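Written below as structure tokens is the structure these notes are about.
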Amino acid sequence: MTLHWRKRLEYRLLKLQARFEGAAFDKYFPWCFSALLWTIFALLALARSRELSQDSGIAAVMQSVWLIGEGFTPDASLLGQNYLSLQGGFLIYPIAALTKLFPTAITLIVIQSGALALTAVPLWRMSRNVAHLRTGASTAILIVYSAYSAIHAVNLAGFHLEAIALPLLMCAVYAGFMERTFRYWVFLTFALLTRADLGIAVAGLGLLWLMEGRKKVGYQTLSLGFAWSMILILGLQPLYNAGHYPHVDAFSDYGGSNPFGTVWGIVIHPLTFLSEVFSEANFLVGVSLLAPVLFLPVVAPRYLVPAIPLFALYLTADVPEGELAEASQTIPITAFIFVALVFALAKTGRIVVQRVNVDRAVIGALLFTATVFFAANSVASPYEEPWDWGRRNPVDIARLELAEIVPEDAVVRASDKMLPLLTERIALFEFSPPQEYDDRLGSDAVRNVNWFIFDRSEVPSGWIGVDILDFQADIRVGQRFVQVYSKAGIEAYVTPDEVDRLGLIPLTEE
């Protein structure tokens, strides 16, 4: 009787598995999974945005997008330069057109979340149609991707145009394997429009095709990648930045006042470059990227080759540290880590009726590891209590209330958390109080602006109570500025002319 029950159960499981291997499931499942993932990513990012935890990073992009939408050049005051000089992200223009119809912050967040989620579709197609994995292994790859810490970091780190390149790169790789030439070049072109130095990763993709024995497309891709990066880095980016390449200072350790000088410095000081690449901090970054996928991509190293040169440059650049600050730099390597994961699983399995069957123990270990690292390291981990995100405290409410008061033609200097609420203004500047109070800080804060917003919740720990009082007094000295708003530690100071023009009521000094 027990044997009969087991046979019936095995028969039903085989029948169910056959349905999962069918064409209908193969066609619609990745889109359904992507839609669910888009919803989750968008809700997490919108909740994080609602609690006003974003900073000047997304504010600078929002101001640039607003300027484009209003018909101006994207010379954002928060950036201090043209948006295109940073990374040559021309794809920002069609996105800016959408913000004319929808709120800027929500539009940027939803687009980025959608791009990250849509990556699941080409990832599924590659695992099924190129590596010929069964549905179980393919689904496991999508689950691992959805729990990958680097993806969640990008999703919650403001808006990065290069996030749109992730599904485009994945689609290009898939189209390349399927020899769909037109689609391949279209996807690569749009990916390159998100960031200038992605041309280095595209050139690396050309090396992959050469290793695959496809010389024509390999050399063409190699040429396109290098040509794109050289034209933008040496020509267009300096053109938008008064003739100077904006990122030379990030590689100051290698000398040179231009990209050629930096490259030459790396060539003549290879040990310095390699020691920086393999520093302890960078080693931990590499472990954090490979450990959640059980280090399986190293089983198929050739598929990691395209992103390694660019990622090595990112690792040696002198940029702000932190998972969210460096999130955008992981996008190219993340794409090829998952390409390598697909082929690594195919290598570990064996073909059974035209499909590669991967050992259940390997799949189980992969899912367990991905879950553990998501819980331990992800910015969206349950330990971060994301279900509480989106709640607004009195300080947040005061920030929102004040943002409604500031006129669109105001010249404003404000603290980090206020900036995303004030981006629809031509002249907007950041106020970052130093750790120690300076007697000149008050006069510097109100210089060349007619609105100054002081957020006492962002005052550094090095300030004492009397420092705050001195700072407030310095702002008011000589009646240069008058306080017109104060609630929950959020204060607004304006010039007397603005008070008269807008009919504001000054607050009585305490």
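In the structure tokens, each chain is lettered A, B, ... as it comes, each chain's residues begin at 1, and ligands are numbered from 1 in order of appearance.
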Item to check | alpha helix (DSSP H) per DSSP on the backbone: members of segment 200-438 of chain A, as a ChimeraX atom specification | outcome: /A:200-211,215-231,237-239,259-268,270-277,280-290,308-316,331-348,360-377,394-405
Shell around segment 205-212 of chain A at 8 Å using only C-alpha atoms, local window under 2 positions removed, as a PDB file with N, CA and C atoms, in the first residue's frame:
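For reference, result.pdb as written:
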ATOM      1  N   ALA A 201      33.118  47.933 -20.419  1.00  0.00           N
ATOM      2  CA  ALA A 201      32.475  46.626 -20.215  1.00  0.00           C
ATOM      3  C   ALA A 201      32.016  46.035 -21.543  1.00  0.00           C
ATOM      4  N   VAL A 202      31.534  46.885 -22.451  1.00  0.00           N
ATOM      5  CA  VAL A 202      31.115  46.410 -23.780  1.00  0.00           C
ATOM      6  C   VAL A 202      32.326  45.884 -24.550  1.00  0.00           C
ATOM      7  N   ALA A 203      33.456  46.589 -24.428  1.00  0.00           N
ATOM      8  CA  ALA A 203      34.684  46.091 -25.054  1.00  0.00           C
ATOM      9  C   ALA A 203      35.064  44.731 -24.467  1.00  0.00           C
ATOM     10  N   ARG A 214      33.726  33.675 -31.987  1.00  0.00           N
ATOM     11  CA  ARG A 214      32.929  34.514 -32.883  1.00  0.00           C
ATOM     12  C   ARG A 214      33.704  35.803 -33.129  1.00  0.00           C
ATOM     13  N   LYS A 215      34.642  35.737 -34.081  1.00  0.00           N
ATOM     14  CA  LYS A 215      35.598  36.812 -34.276  1.00  0.00           C
ATOM     15  C   LYS A 215      34.965  38.092 -34.809  1.00  0.00           C
ATOM     16  N   VAL A 217      31.782  39.456 -34.652  1.00  0.00           N
ATOM     17  CA  VAL A 217      31.024  40.218 -33.658  1.00  0.00           C
ATOM     18  C   VAL A 217      31.926  40.614 -32.493  1.00  0.00           C
ATOM     19  N   GLY A 218      32.947  39.809 -32.208  1.00  0.00           N
ATOM     20  CA  GLY A 218      33.879  40.126 -31.130  1.00  0.00           C
ATOM     21  C   GLY A 218      34.659  41.398 -31.417  1.00  0.00           C
ATOM     22  N   TYR A 219      35.252  41.471 -32.596  1.00  0.00           N
ATOM     23  CA  TYR A 219      36.024  42.659 -32.948  1.00  0.00           C
ATOM     24  C   TYR A 219      35.126  43.886 -33.093  1.00  0.00           C
ATOM     25  N   GLN A 220      33.932  43.703 -33.624  1.00  0.00           N
ATOM     26  CA  GLN A 220      33.002  44.829 -33.770  1.00  0.00           C
ATOM     27  C   GLN A 220      32.594  45.378 -32.401  1.00  0.00           C
ATOM     28  N   THR A 221      32.289  44.472 -31.486  1.00  0.00           N
ATOM     29  CA  THR A 221      31.889  44.893 -30.141  1.00  0.00           C
ATOM     30  C   THR A 221      33.051  45.558 -29.408  1.00  0.00           C
ATOM     31  N   LEU A 222      34.232  44.985 -29.550  1.00  0.00           N
ATOM     32  CA  LEU A 222      35.434  45.559 -28.943  1.00  0.00           C
ATOM     33  C   LEU A 222      35.668  46.987 -29.453  1.00  0.00           C
ATOM     34  N   ARG A 302      35.264  32.797 -17.785  1.00  0.00           N
ATOM     35  CA  ARG A 302      35.295  33.594 -19.004  1.00  0.00           C
ATOM     36  C   ARG A 302      34.107  34.547 -19.108  1.00  0.00           C
ATOM     37  N   TYR A 303      33.003  34.197 -18.439  1.00  0.00           N
ATOM     38  CA  TYR A 303      31.816  35.050 -18.503  1.00  0.00           C
ATOM     39  C   TYR A 303      31.892  36.221 -17.527  1.00  0.00           C
ATOM     40  N   VAL A 305      34.828  37.936 -17.475  1.00  0.00           N
ATOM     41  CA  VAL A 305      35.871  38.757 -18.095  1.00  0.00           C
ATOM     42  C   VAL A 305      35.376  40.135 -18.526  1.00  0.00           C
ATOM     43  N   PRO A 306      34.178  40.257 -19.165  1.00  0.00           N
ATOM     44  CA  PRO A 306      33.776  41.575 -19.669  1.00  0.00           C
ATOM     45  C   PRO A 306      33.764  42.688 -18.626  1.00  0.00           C
ATOM     46  N   ALA A 307      33.394  42.383 -17.388  1.00  0.00           N
ATOM     47  CA  ALA A 307      33.226  43.438 -16.388  1.00  0.00           C
ATOM     48  C   ALA A 307      34.452  43.639 -15.502  1.00  0.00           C
TER      49      ALA A 307
END
Next on the checklist: Just want the 6 Å neighbourhood of Glu491 of chain A, counted on only C-alpha atoms, with same-chain residues fewer than 2 positions away dropped. Output as number ranges by chain.
Outcome noted: A: 453-454, 485-486
Item to check | Residue nearest Ala398 of chain A among A:Ala175, A:Leu367, A:Ile490, A:Ala427 (counting only C-alpha atoms) | outcome: A:Ile490
Checklist entry - Distance atom CA of Gly286 of chain A-atom CA of Leu118 of chain A, one decimal place? => result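 One can read the atom CA of Gly286 of chain A to atom CA of Leu118 of chain A distance as 24.8 Å.
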Report as a Markdown table the residues of segment 230-250 of chain A within 10 Å of segment 184-200 of chain A, each with its shortest atom pair and distance in Å (one decimal), using only C-alpha atoms, ordered by chain and increasing residue number.
| residue | atom | partner | partner_atom | distance |
| --- | --- | --- | --- | --- |
| A:Met230 | CA | A:Gly199 | CA | 8.4 |
| A:Ile231 | CA | A:Ala196 | CA | 8.7 |
| A:Leu232 | CA | A:Ala196 | CA | 5.9 |
| A:Ile233 | CA | A:Ala196 | CA | 6.7 |
| A:Leu236 | CA | A:Ala196 | CA | 9.4 |
| A:Gln237 | CA | A:Ala196 | CA | 8.5 |
Item to check | Which of segment 144-389 of chain A DSSP labels strand (DSSP E or B), written as a VMD selection string | outcome: chain A and resid 350 to 352 355 to 357
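What separates atom CA of Ala131 of chain A from atom CA of Pro297 of chain A is a distance of 13.9 Å.
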Checklist entry - Residues at most 7 Å from Asn82 of chain A, counting only C-alpha atoms, excluding those fewer than 3 positions away in the same chain, as a list in words? => result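 Selected residues are Pro74, Asp75, Ala76, Ser85, Tyr240 and Asn241 of chain A.
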Please report, as a Markdown table, each residue of segment 401-488 of chain A lying at most 10 Å from segment 94-112 of chain A, together with the nearest pair of atoms and the separation in Å rounded to one decimal; use only C-alpha atoms, and order rows by chain and ascending residue number.
| residue | atom | partner | partner_atom | distance |
| --- | --- | --- | --- | --- |
| A:Pro420 | CA | A:Ala105 | CA | 8.1 |
| A:Leu421 | CA | A:Ala105 | CA | 9.2 |
| A:Thr423 | CA | A:Thr104 | CA | 9.3 |
| A:Glu424 | CA | A:Thr104 | CA | 9.3 |
Dump as a PDB file, in the first residue's frame, selection limited to N, CA and C atoms:
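Writing done, so here's out_23.pdb:
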ATOM      1  N   PRO A 420      15.817  66.903  -1.722  1.00  0.00           N
ATOM      2  CA  PRO A 420      14.907  66.239  -2.665  1.00  0.00           C
ATOM      3  C   PRO A 420      13.526  66.876  -2.733  1.00  0.00           C
ATOM      4  N   LEU A 421      13.137  67.629  -1.716  1.00  0.00           N
ATOM      5  CA  LEU A 421      11.825  68.274  -1.711  1.00  0.00           C
ATOM      6  C   LEU A 421      11.838  69.624  -2.419  1.00  0.00           C
ATOM      7  N   THR A 423      13.775  70.338  -5.407  1.00  0.00           N
ATOM      8  CA  THR A 423      14.547  70.213  -6.649  1.00  0.00           C
ATOM      9  C   THR A 423      13.968  70.999  -7.825  1.00  0.00           C
ATOM     10  N   GLU A 424      12.717  71.388  -7.762  1.00  0.00           N
ATOM     11  CA  GLU A 424      12.134  72.127  -8.887  1.00  0.00           C
ATOM     12  C   GLU A 424      12.447  73.613  -8.766  1.00  0.00           C
TER      13      GLU A 424
END
Next on the checklist: Would you compute the distance between atom CA of Ile468 of chain A and atom CA of Glu436 of chain A? Give it in Å to one decimal.
Outcome noted: 11.2 Å
Item to check | Selection near segment 430-435 of chain A, 6 Å with only C-alpha atoms, sequence-local residues under 6 positions removed, as a list in words | outcome: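 Near segment 430-435 of chain A, the qualifying residues are Arg413, Ala414, Ser415, Pro460 and Gly462 of chain A.
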Kindly provide the residues of segment 310-410 of chain A that approach segment 258-265 of chain A to within 12 Å, each paired with its closest atom pair and their distance in Å to one decimal, based on only C-alpha atoms, listed by chain and increasing number, as a tab-separated table.
residue	atom	partner	partner_atom	distance
A:Leu313	CA	A:Val263	CA	10.3
A:Thr316	CA	A:Thr262	CA	11.7
A:Ala317	CA	A:Thr262	CA	11.0
Contact check, segment 263-378 of chain A to segment 160-166 of chain A, at most 8 Å, counting only C-alpha atoms, closest pairs as CSV:
residue,atom,partner,partner_atom,distance
A:Ser328,CA,A:His160,CA,6.4
A:Ile331,CA,A:Leu166,CA,6.4
A:Pro332,CA,A:Leu166,CA,7.0
A:Ala335,CA,A:Leu166,CA,6.1
Checklist entry - With only C-alpha atoms as the atoms that count, which of A:Phe72, A:Phe374, A:Tyr437, A:Phe429 lies nearest to Asp470 of chain A? => result A:Tyr437
Item to check | Proximity to Gly114 of chain A - best of A:Ser34, A:Ser443, A:Gln472, A:Thr495, only C-alpha atoms | outcome: A:Ser34
Checklist entry - Of the candidates A:Arg183, A:His152, A:His247, A:Lys347, which shows the shortest atom-to-atom distance to Ser127 of chain A, using only C-alpha atoms? => result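 With only C-alpha atoms as the atom set, the closest residue is A:Lys347.
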